[in-house]
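Peer 1: Dropping a structure here in structure tokens format, bear with me for questions.
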Amino acid sequence: MRIAIGGIYHESNSFSARLTTLEDFRSSSLLTGGAIIDYWRGTNSEVAGFLDGIEAIGGEAVPTLVAWGMPSGPVAARDLEELAGELARRIAQEQDIAGILLVCHGAMVCETRTDADAFWLHQVRKAVGRHVPIVATLDFHANVTPEMVAAVDAVVGYRTYPHTDYRDRGKEAAEILAKTLRGETHPIAHCVQVPVVPNLLTQFTACAPMRCLMDAADDVRRAAGCISASVFGGFQWADVPHHGISVVTVSEKGDPDTVRAGEAIARKAWDLRHSFRTDLVSVEDAVRQANEPGPTPVVLVDTGDNVGGGAPGDGTIVLKELLEQHSSGAVVLVHDPETVQRAIETGVRGRARFRIGGKTDALHGEPVETEGDVRLLSSGLFVNVGPMREGLREDMGRTAVIDARGVTIIATEKRSPMWNLEQLRSLGIEPTRCRTIVVKAAIAHRAAYSPIAGRMVELDTPGITALDIRRFTYRHQRRPVFPLDDDFHPLIQDQTTGA
Ligand SMILES: [Zn+2]
């Protein structure tokens, strides 16, 4: 049995000044044919889970095109059309494809489309027609629409944030597809949107309020007519009408109990809306706290420059404060190709004057000027160890470690989120021995840093991933929506066409 594998995966921050292009996908991972299997097999990824599931039924995996891009600005329209066209063409040209497994994020925006994922999913559907079953995985931060769900037969969303279950969900998708192909199940997917945009920090799935919704989905999955149930936190920086929480259930032939159960989870999300807000600490107070005696390392979370949320990663607001408060033993990673180049020209053990970070836009702080000693230069390549993306080869681009006035600055050629400890260890920095580590993130870093953090402080930093949505001007956002509005009573029900 031949099962096609493909996908286009991107989380797009509408407030980024820079469009995401094919070159950006290539810089992360844009692969076709057998190279897809070579790259993803055995890693903690959806594709590896697809392969596990296909192998379990003695099927043949047919890799077509998988494009994975680091979160960044909206995707250029022409490039998305090219990717979608190539994916659909590759699937259409294969003979005897029984079913299709797709990797999708669900919060991709393109410069001309707010629902970019529905666009490419429908391209794939058109290529094979209605009779070939399609199951797609979605990121927990998907802003799910009925149009997306209508393009496929079933959808499986991550159950964790930080995301550690990529491979399990890939396998689950493959199992649903296998049962569908054997005629043992007849999936119909249902989507319920909730007009609540939760603050990203409250989306941590290990704790309330999100845990309450994840537990509710666990209960629904155990019911007889339910094939799968997923809760999505949504991605607040996608300027689309549909951003926010959603619930997708996949039922046996449209089982009404499953549909009602999905709607009940969605209503619960609405009832919990006031708990999807949180308080943050000012940068000055956070750095002062980090310098005070107490358990270390202190992890300072720069939420406004969250690389995994599409921010540039060259913000300097926390770095500047660390230098001003004479912090010692702090580590800050900054995306800054110019500084890397200068460090390479200076050479290891050389001293130079650097102008670090703050170069992408004016939203994340000014460049910081300082003298520094080049401690180490690296290829920036390492293999991921840890619960997120285990086994994947990561590429920070050429990387320089610079010591400047008690602060260790890591400058990278590529944007590189701090999702695992191997990143620092590959540069000879033992994170457990650092006093302070700045992570440009919100929650994803917790998979690696929670086990070692002495203290963790979330900072109220400005930037294109600032957590308060009132800081942003949306053009496409639906209204009313919580937390911008609270005096309304939404109709929360299944929105899937034909359900
Ligand atoms: Zn996510």
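Each chain in the structure tokens gets a letter, A, B, ..., in the order shown, and its residues are numbered from 1; ligands are numbered from 1 in order too.
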Which neighbours of A:Ile91 fall inside 8 Å, counting only C-alpha atoms, when residues of the same chain fewer than 5 positions from it are skipped, and could you give them as a list in words?

Peer 2: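 Neighbouring residues, sequence-local ones excluded: Ala4, Thr64, Val124, Ala127 and Val128 of chain A.
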
Peer 1: Mind writing the picked residues with C-alpha atoms as a PDB file, in the first residue's frame?

Peer 2:
```pdb
ATOM      1  CA  ALA A   4       2.338   9.704   0.156  1.00  0.00           C
ATOM      2  CA  THR A  64       7.090  13.938  -2.067  1.00  0.00           C
ATOM      3  CA  VAL A 124      -3.378  18.652  -2.506  1.00  0.00           C
ATOM      4  CA  ALA A 127      -4.661  16.796  -7.059  1.00  0.00           C
ATOM      5  CA  VAL A 128      -6.051  13.464  -5.843  1.00  0.00           C
TER       6      VAL A 128
END
```

Peer 1: Please find the residues contacting ligand 1 at a distance of at most 10 Å between atoms, with only C-alpha atoms and all ligand atoms counted, and report them as a ChimeraX atom specification.

Peer 2: /A:10-11,71,105-107,138-142,158,160-163,232-235,308-309,443-444

Peer 1: Taking only residues of stretch 104-194 of chain A that have an atom at most 12 Å from an atom of stretch 462-479 of chain A, what is each one's shortest atom pair and its distance in Å to one decimal, using only C-alpha atoms, in chain and number order, as JSON lines?

Peer 2:
```
{"residue": "A:Val109", "atom": "CA", "partner": "A:His476", "partner_atom": "CA", "distance": 11.6}
{"residue": "A:Thr112", "atom": "CA", "partner": "A:His476", "partner_atom": "CA", "distance": 11.9}
{"residue": "A:Arg113", "atom": "CA", "partner": "A:His476", "partner_atom": "CA", "distance": 10.7}
{"residue": "A:Thr114", "atom": "CA", "partner": "A:His476", "partner_atom": "CA", "distance": 8.2}
{"residue": "A:Asp115", "atom": "CA", "partner": "A:His476", "partner_atom": "CA", "distance": 11.2}
{"residue": "A:Asn143", "atom": "CA", "partner": "A:Gln477", "partner_atom": "CA", "distance": 11.8}
{"residue": "A:Gln193", "atom": "CA", "partner": "A:Arg478", "partner_atom": "CA", "distance": 11.6}
{"residue": "A:Val194", "atom": "CA", "partner": "A:Arg478", "partner_atom": "CA", "distance": 11.2}
```

Peer 1: Take the residues just selected and output them with C-alpha atoms as a PDB file, in the first residue's frame.

Peer 2:
```
ATOM      1  CA  VAL A 109      -0.059  33.426   6.649  1.00  0.00           C
ATOM      2  CA  THR A 112      -2.105  37.723   0.064  1.00  0.00           C
ATOM      3  CA  ARG A 113      -3.921  35.017   2.063  1.00  0.00           C
ATOM      4  CA  THR A 114      -4.898  34.891   5.715  1.00  0.00           C
ATOM      5  CA  ASP A 115      -5.681  31.164   5.502  1.00  0.00           C
ATOM      6  CA  ASN A 143      -5.436  28.938  14.042  1.00  0.00           C
ATOM      7  CA  GLN A 193     -13.602  28.175  16.939  1.00  0.00           C
ATOM      8  CA  VAL A 194     -13.613  30.115  20.191  1.00  0.00           C
TER       9      VAL A 194
END
```

Peer 1: Give me every alpha helix (DSSP H) residue in stretch 280-414 of chain A, going by DSSP on the backbone, as a PyMOL selection string.

Peer 2: chain A and resi 283-291+317-324+337-346

Peer 1: Can you list, as a PyMOL selection string, all residues belonging to stretch 47-81 of chain A that DSSP tags as strand (DSSP E)?

Peer 2: chain A and resi 60-68

Peer 1: Can you work out which one of A:Thr278, A:Asn44, A:Ser230, A:Thr185 has the shortest atom-to-atom distance to A:Gly386, counting only C-alpha atoms?

Peer 2: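 Of the candidates, the smallest distance to A:Gly386 is held by A:Asn44.
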
Peer 1: Neighbouring residues of stretch 378-380 of chain A were defined as those with any atom within 7 Å, considering only C-alpha atoms; residues of the same chain fewer than 2 positions away were excluded. Please report them as a ChimeraX atom specification.

Peer 2: /A:376,382,395-400

Peer 1: Do a neighbour search on stretch 177-184 of chain A at 10 Å with only C-alpha atoms, toss out local chain neighbours closer than 5 positions, and write the hits as a list in words.

Peer 2: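 Using only C-alpha atoms, the neighbours found are Met1, Ile3, Phe50, Gly53, Ile54, Ala56, Ile57, Gly59, Ala98, Gly99, Ile100, Leu101, Val132, Pro133, Ile134, Val135, Ala136, Asp153, Ala154, Lys171, Glu172 and Glu252 of chain A.
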
Peer 1: With N, CA and C atoms retained, export the selected residues as a short mmCIF file (atom, residue, chain, number, x, y, z; two decimals), in the first residue's frame.

Peer 2:
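This went into selection_0.cif:
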```
data_model
loop_
_atom_site.label_atom_id
_atom_site.label_comp_id
_atom_site.auth_asym_id
_atom_site.auth_seq_id
_atom_site.Cartn_x
_atom_site.Cartn_y
_atom_site.Cartn_z
N MET A 1 0.85 -1.20 0.00
CA MET A 1 0.00 0.00 0.00
C MET A 1 0.88 1.25 0.00
N ILE A 3 1.66 5.10 0.45
CA ILE A 3 1.14 6.26 1.19
C ILE A 3 2.08 7.45 0.98
N PHE A 50 5.03 9.29 10.93
CA PHE A 50 4.36 8.76 9.73
C PHE A 50 5.07 7.46 9.30
N GLY A 53 4.34 4.55 11.48
CA GLY A 53 2.99 4.02 11.25
C GLY A 53 2.90 3.25 9.94
N ILE A 54 3.56 3.75 8.91
CA ILE A 54 3.51 3.08 7.59
C ILE A 54 4.24 1.74 7.67
N ALA A 56 4.57 -0.09 10.31
CA ALA A 56 3.79 -1.02 11.13
C ALA A 56 2.74 -1.78 10.32
N ILE A 57 2.27 -1.18 9.22
CA ILE A 57 1.26 -1.89 8.41
C ILE A 57 1.87 -2.48 7.13
N GLY A 59 3.34 -0.89 4.80
CA GLY A 59 3.08 -0.03 3.65
C GLY A 59 4.36 0.53 3.05
N ALA A 98 -2.66 5.29 -2.12
CA ALA A 98 -3.86 4.88 -1.38
C ALA A 98 -4.31 5.96 -0.41
N GLY A 99 -3.35 6.67 0.18
CA GLY A 99 -3.69 7.70 1.16
C GLY A 99 -2.54 8.67 1.31
N ILE A 100 -2.80 9.77 2.02
CA ILE A 100 -1.80 10.84 2.14
C ILE A 100 -1.68 11.30 3.59
N LEU A 101 -0.44 11.49 4.03
CA LEU A 101 -0.16 12.06 5.35
C LEU A 101 0.55 13.39 5.16
N VAL A 132 -9.32 9.73 -2.15
CA VAL A 132 -8.06 9.37 -1.47
C VAL A 132 -8.06 10.02 -0.09
N PRO A 133 -8.04 9.21 0.98
CA PRO A 133 -8.08 9.82 2.32
C PRO A 133 -6.79 10.59 2.65
N ILE A 134 -6.97 11.71 3.32
CA ILE A 134 -5.84 12.56 3.73
C ILE A 134 -5.96 12.81 5.24
N VAL A 135 -4.87 12.58 5.96
CA VAL A 135 -4.82 12.92 7.38
C VAL A 135 -3.65 13.89 7.58
N ALA A 136 -3.93 15.00 8.28
CA ALA A 136 -2.89 16.02 8.50
C ALA A 136 -2.62 16.19 9.98
N ASP A 153 -9.48 14.52 5.63
CA ASP A 153 -10.44 13.63 6.28
C ASP A 153 -10.31 13.66 7.79
N ALA A 154 -9.08 13.83 8.27
CA ALA A 154 -8.87 13.88 9.72
C ALA A 154 -7.68 14.77 10.03
N LYS A 171 2.50 9.33 14.26
CA LYS A 171 2.12 7.91 14.25
C LYS A 171 0.60 7.78 14.39
N GLU A 172 0.02 8.61 15.24
CA GLU A 172 -1.44 8.57 15.41
C GLU A 172 -2.14 8.88 14.08
N GLU A 252 -16.59 9.23 14.12
CA GLU A 252 -16.99 8.13 13.25
C GLU A 252 -18.29 8.54 12.55
#
```

Peer 1: Which distance in Å separates atom CA of A:Val385 and atom CA of A:Glu422, to one decimal?

Peer 2: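 According to the coordinates, atom CA of A:Val385 and atom CA of A:Glu422 are separated by 6.1 Å.
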
Peer 1: Show me, as JSON, numbers by chain, the residues that have an atom within 12 Å of A:Gly304 when counting only C-alpha atoms, minus same-chain residues fewer than 5 positions from it.

Peer 2: {"A": [15, 200, 201, 237, 280, 282, 283, 309, 310, 311, 312, 313, 314, 315, 316, 317, 318, 363, 364, 365, 439, 440, 441, 442, 458, 459, 460, 461, 462, 463, 464, 465, 466, 467, 468, 469, 471]}
